[in-house]
Every structure is written in structure tokens, then in C-alpha cells.
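I have placed the structure first, in the form of C-alpha cells, so that the comments after it can refer back to it.
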Amino acid sequence: MNTPLVHIIILNWNGRDDTLACLESVTRIDYPNFRVIVADNGSSDGSVDAIRRDYPKVQVIENRANLGFAAGNNSAIAHALESGTEFVFLLNNDTVVDLGILEAFVKAAERVPQGGVFGGKIYYYDNKETLWYAGGYWDARTLSFGEYGAGELDRGQFDNLTETEWVIGCAMFIRPEVFRAIGPLEPKFFLNNEEIDFCSRAKRAGFSCVYVSEARLWHKISASFGGEDSPLKEYFSARNRLLWAERNAGLGLRFCIYFSSARSLIRRFVRPLMGKTMHSPFTMKGWWWSVRAAFFDPRNRAAFLGFRDFWLRRFGNCPDIVRKMNKDWSSKRVVQG
């Protein structure tokens, strides 16, 4: 097997413990020709000092501020390209990788020369044999992207090297030619959906996206959001779904997605107003508490703000109020747990 130079890029923002654990697994990868860059987004938790102390061979690029996933990675990607890398591997800091992951990706790239973006088989970190991602698809019914195998026990049912609709952002193995053809990740997204936008652009430029089952890793799901159902996740999902559609969907599909997003948002608030007659007897007190819960739910409010900010053309980081809601929501979950 050829051993082309691979730059592994890990983005960190106040994730010291996760990043150190990720680096421990990365430095044990059984591949002879790779370098590691940590792009730090202005962490205040001692991450940079800890990385330099424990992993002195790892290059740290300090961005000095929280630039988000796209812009934070872009600074390190530019450095890797200038260094003559033959592949860029974007890796979330909340992952642990299999020792053979780079060999699997390189072999797949040799087998699929038209492949531009490669993704691996991803498991839940806390449930080692349960799949989180085994390739991606477009769901025409829900007008959204999904993951094959999500929540399934791995029985070898997704063990084929195959073309996929999109590659998930926590582990993207990319040819430099893709960046040269379409440019870097789009900073407007800040967090969430930027990888789908990147894959969509890559496919329009003639590259394919490829799922590589032998490239395995384990992911601590949504560590950057605080949970899959957090207000932060709701905000970026609501806003960035619309942004992806604006940048990549045809006119008809775009307006279908706009309508679907508006309808889903309205349902969050209007459904409680209709009462709860289908599941329980109607009472004024029960109705009032249901309405109150819907309008004060920070996830609903965050989704509304995301929808609003798309139309107001507010991109990049989320408003401070969303961060505050996310912090309060996370604290309550910990107390209740």
C-alpha cells in the first residue's frame, strides 16, 4: 500500500478532556505517515497548555476566538494544504478512532479515484456495537438528511464500500483537490450542516462521497451541543437547514423545505392551543399548562430564533440568548437526572 501524507485536523473549544482522549487514540494509529493539527477556538479551560504538555509533537493553531466548526477548521486546512498534504482528515475531538482508520481510508481512496469525500462507520461511544452512522441518504418524505444504520446493532449489514449521499462532519477524509475545486467549509453555518453543504458542492463539482465500513470510530454524540435535543442544536438545525436549501436546492425543492420548516415551527406552538382531547379529557388547567409549556420550552424558542435569523440574514454564531437557554436547559437536565 502507498502511504501518502495525511493531516489529521482536530478542532477544540473548551473540550480539553475529550481532546486529550481523542489524541491518545490518534497517536496510536497504525499508519506511518501522518501529522496532527489541533485548531483551538480560543479555549479558556487550559486545553492548549495541556495538549502541548502531553503531546508536544502535535501542532496547535490558536484561533484566539470561537470561530465555529467551519472557520475553525479552515485555518488548519489552509496550513495542511500549504504543507503539501495528500489527504485531510477532519476529526471531531469527541471521538476515539480505530488503529486502522487511516489505512482503511487510504485504501478506499485508491479503489475509488473519483471519490472526494470519504466517511467511516461510526458507533456510539457509550454503546460500542451500536451504529450511529453507516452512510447518509436524502429522505424525500421528510425533506431531510438521515443516517443509515442509526441505532442498529452492527451485524455486518453495512460492510460494503459504497457511494453515499453525504459524509457526516465528525470524520471526513478529503482529497485536497476538493478544496481547490470548491473552496473551504462555509463559515456562515458556524455549527451543523456545513458538512452537508460541503458534500453537496463537491458532488456538483464531479466528486463522489464514499462510505468506508472498515474505517471505524466511536463518537460521544453532540458533545458540542449538549445533546441531540438541546436548544443549541434546535437553533442551528432550524437555521442551517434553510441555509443549505438556499445554497444547494433547486427552486422547487427549496420552497418545499421553506414551507416544511415553517409548518413544523407553527406546530410546536399551535398544537397545544388545540387542546389535548385525543389523549386525555380536556380541562382548562391542563390546556393552560400545555400551552405555557410549549411557549416557554427553550427548544421551541431556539427553533423560532433560528428560523427568524435565517430570514434576517443573521449567520455565524448564535445569539447570546440561545447560549444562555442552552446552559440553563443543560443545568436543569443534570439536576433532574
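To be explicit about the labels: the chains of the C-alpha cells are called A, B, and onward in the order shown, and within each one the residues are counted from 1, while ligands get numbers from 1 in the order they are shown.
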### Task
Could you find all residues in segment 121-249 of chain A that DSSP calls alpha helix (DSSP H) from the backbone, and write them as a ChimeraX atom specification?
/A:176-182,194-204,231-248
Give me the residues near Gly206 of chain A as a CSV table (one decimal) with N, CA and C atoms, in the first residue's frame, where near means some atom within 10 Å (using only C-alpha atoms) and where sequence neighbours in that chain fewer than 6 positions away do not count.
```csv
chain,number,residue,atom,x,y,z
A,114,GLN,N,-12.4,8.6,-8.1
A,114,GLN,CA,-13.3,9.8,-8.3
A,114,GLN,C,-13.9,10.2,-6.9
A,115,GLY,N,-13.6,9.4,-5.9
A,115,GLY,CA,-14.1,9.8,-4.6
A,115,GLY,C,-13.4,11.1,-4.0
A,116,GLY,N,-14.1,12.0,-3.5
A,116,GLY,CA,-13.5,13.2,-3.0
A,116,GLY,C,-13.6,13.3,-1.5
A,178,VAL,N,-10.5,18.6,-3.7
A,178,VAL,CA,-11.9,19.0,-3.5
A,178,VAL,C,-11.8,20.5,-3.0
A,181,ALA,N,-11.1,22.8,-5.7
A,181,ALA,CA,-12.2,23.0,-6.7
A,181,ALA,C,-13.3,23.8,-6.2
```
### Message
Ranking A:Glu234, A:Arg247, A:Asp18, A:Phe304 by minimum distance to Arg267 of chain A and counting only C-alpha atoms, which one comes first?
### Response
A:Phe304
#### Entry: Minimum-distance residue to Trp311 of chain A, chosen among A:Asn2, A:Asn240, A:Thr130, A:Asn326 (using only C-alpha atoms)
A:Asn240
### Query
DSSP on the backbone: what in segment 5-201 of chain A comes out strand (DSSP E or B), as a ChimeraX atom specification?
/A:6-12,34-40,59-62,87-92,95-97,115-124,127-133,136-139,144-147,153,162-163,171-174
Output file for the selection above: C-alpha atoms, as a PDB file, in the first residue's frame:
```pdb
ATOM      1  CA  VAL A   6      -2.326  12.636   5.843  1.00  0.00           C
ATOM      2  CA  HIS A   7      -3.002  15.656   8.022  1.00  0.00           C
ATOM      3  CA  ILE A   8      -5.443  14.911  10.846  1.00  0.00           C
ATOM      4  CA  ILE A   9      -7.198  18.091  11.979  1.00  0.00           C
ATOM      5  CA  ILE A  10      -8.978  18.165  15.335  1.00  0.00           C
ATOM      6  CA  LEU A  11     -10.998  21.217  16.354  1.00  0.00           C
ATOM      7  CA  ASN A  12     -11.115  22.080  20.047  1.00  0.00           C
ATOM      8  CA  PHE A  34       0.520  11.382   9.252  1.00  0.00           C
ATOM      9  CA  ARG A  35       0.678  14.633  11.148  1.00  0.00           C
ATOM     10  CA  VAL A  36      -1.768  16.004  13.682  1.00  0.00           C
ATOM     11  CA  ILE A  37      -3.011  19.575  13.970  1.00  0.00           C
ATOM     12  CA  VAL A  38      -5.272  20.818  16.737  1.00  0.00           C
ATOM     13  CA  ALA A  39      -7.105  24.009  15.820  1.00  0.00           C
ATOM     14  CA  ASP A  40      -8.132  25.695  19.063  1.00  0.00           C
ATOM     15  CA  GLN A  59       0.895  21.224  16.121  1.00  0.00           C
ATOM     16  CA  VAL A  60      -1.521  23.654  17.746  1.00  0.00           C
ATOM     17  CA  ILE A  61      -3.041  26.517  15.788  1.00  0.00           C
ATOM     18  CA  GLU A  62      -4.629  29.106  18.077  1.00  0.00           C
ATOM     19  CA  PHE A  87      -5.277  13.941   2.317  1.00  0.00           C
ATOM     20  CA  VAL A  88      -7.031  15.975   5.013  1.00  0.00           C
ATOM     21  CA  PHE A  89      -8.855  14.103   7.774  1.00  0.00           C
ATOM     22  CA  LEU A  90     -11.251  16.299   9.766  1.00  0.00           C
ATOM     23  CA  LEU A  91     -11.960  14.608  13.079  1.00  0.00           C
ATOM     24  CA  ASN A  92     -14.178  15.694  15.953  1.00  0.00           C
ATOM     25  CA  THR A  95     -14.265  10.732  19.067  1.00  0.00           C
ATOM     26  CA  VAL A  96     -11.977   7.751  19.568  1.00  0.00           C
ATOM     27  CA  VAL A  97     -10.640   6.048  16.442  1.00  0.00           C
ATOM     28  CA  GLY A 115     -14.092   9.832  -4.564  1.00  0.00           C
ATOM     29  CA  GLY A 116     -13.525  13.220  -2.999  1.00  0.00           C
ATOM     30  CA  VAL A 117     -15.033  12.915   0.485  1.00  0.00           C
ATOM     31  CA  PHE A 118     -14.873   9.675   2.492  1.00  0.00           C
ATOM     32  CA  GLY A 119     -16.675   8.787   5.702  1.00  0.00           C
ATOM     33  CA  GLY A 120     -16.333   5.856   8.088  1.00  0.00           C
ATOM     34  CA  LYS A 121     -18.502   3.558  10.170  1.00  0.00           C
ATOM     35  CA  ILE A 122     -19.346   5.437  13.366  1.00  0.00           C
ATOM     36  CA  TYR A 123     -20.570   3.877  16.601  1.00  0.00           C
ATOM     37  CA  TYR A 124     -21.974   5.351  19.790  1.00  0.00           C
ATOM     38  CA  ASN A 127     -22.623   1.604  23.225  1.00  0.00           C
ATOM     39  CA  LYS A 128     -19.662   0.225  21.335  1.00  0.00           C
ATOM     40  CA  GLU A 129     -21.517  -2.080  18.928  1.00  0.00           C
ATOM     41  CA  THR A 130     -24.431   0.234  18.147  1.00  0.00           C
ATOM     42  CA  LEU A 131     -24.197   2.240  14.939  1.00  0.00           C
ATOM     43  CA  TRP A 132     -24.676   5.976  14.666  1.00  0.00           C
ATOM     44  CA  TYR A 133     -23.696   6.438  11.017  1.00  0.00           C
ATOM     45  CA  GLY A 136     -26.059   9.012   4.590  1.00  0.00           C
ATOM     46  CA  TYR A 137     -29.194   9.453   2.500  1.00  0.00           C
ATOM     47  CA  TRP A 138     -31.754  12.046   1.467  1.00  0.00           C
ATOM     48  CA  ASP A 139     -35.298  11.382   2.725  1.00  0.00           C
ATOM     49  CA  SER A 144     -34.154  15.987   5.353  1.00  0.00           C
ATOM     50  CA  PHE A 145     -30.921  14.043   5.503  1.00  0.00           C
ATOM     51  CA  GLY A 146     -30.578  10.853   7.506  1.00  0.00           C
ATOM     52  CA  GLU A 147     -28.036   8.232   8.532  1.00  0.00           C
ATOM     53  CA  LEU A 153     -26.620  -3.214  16.320  1.00  0.00           C
ATOM     54  CA  THR A 162     -20.337   2.291  -1.389  1.00  0.00           C
ATOM     55  CA  GLU A 163     -21.198   5.753  -2.634  1.00  0.00           C
ATOM     56  CA  ALA A 171     -14.971  12.286  10.456  1.00  0.00           C
ATOM     57  CA  MET A 172     -14.359  13.497   6.894  1.00  0.00           C
ATOM     58  CA  PHE A 173     -11.409  12.195   4.860  1.00  0.00           C
ATOM     59  CA  ILE A 174     -10.942  14.597   1.954  1.00  0.00           C
TER      60      ILE A 174
END
```
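Residues in contact with Asn74 of chain A at 7 Å, where only C-alpha atoms are counted and same-chain residues fewer than 3 positions away are skipped, are listed as Ala70, Ala71, Ile77, Ala78, Pro184 and Leu185 of chain A.
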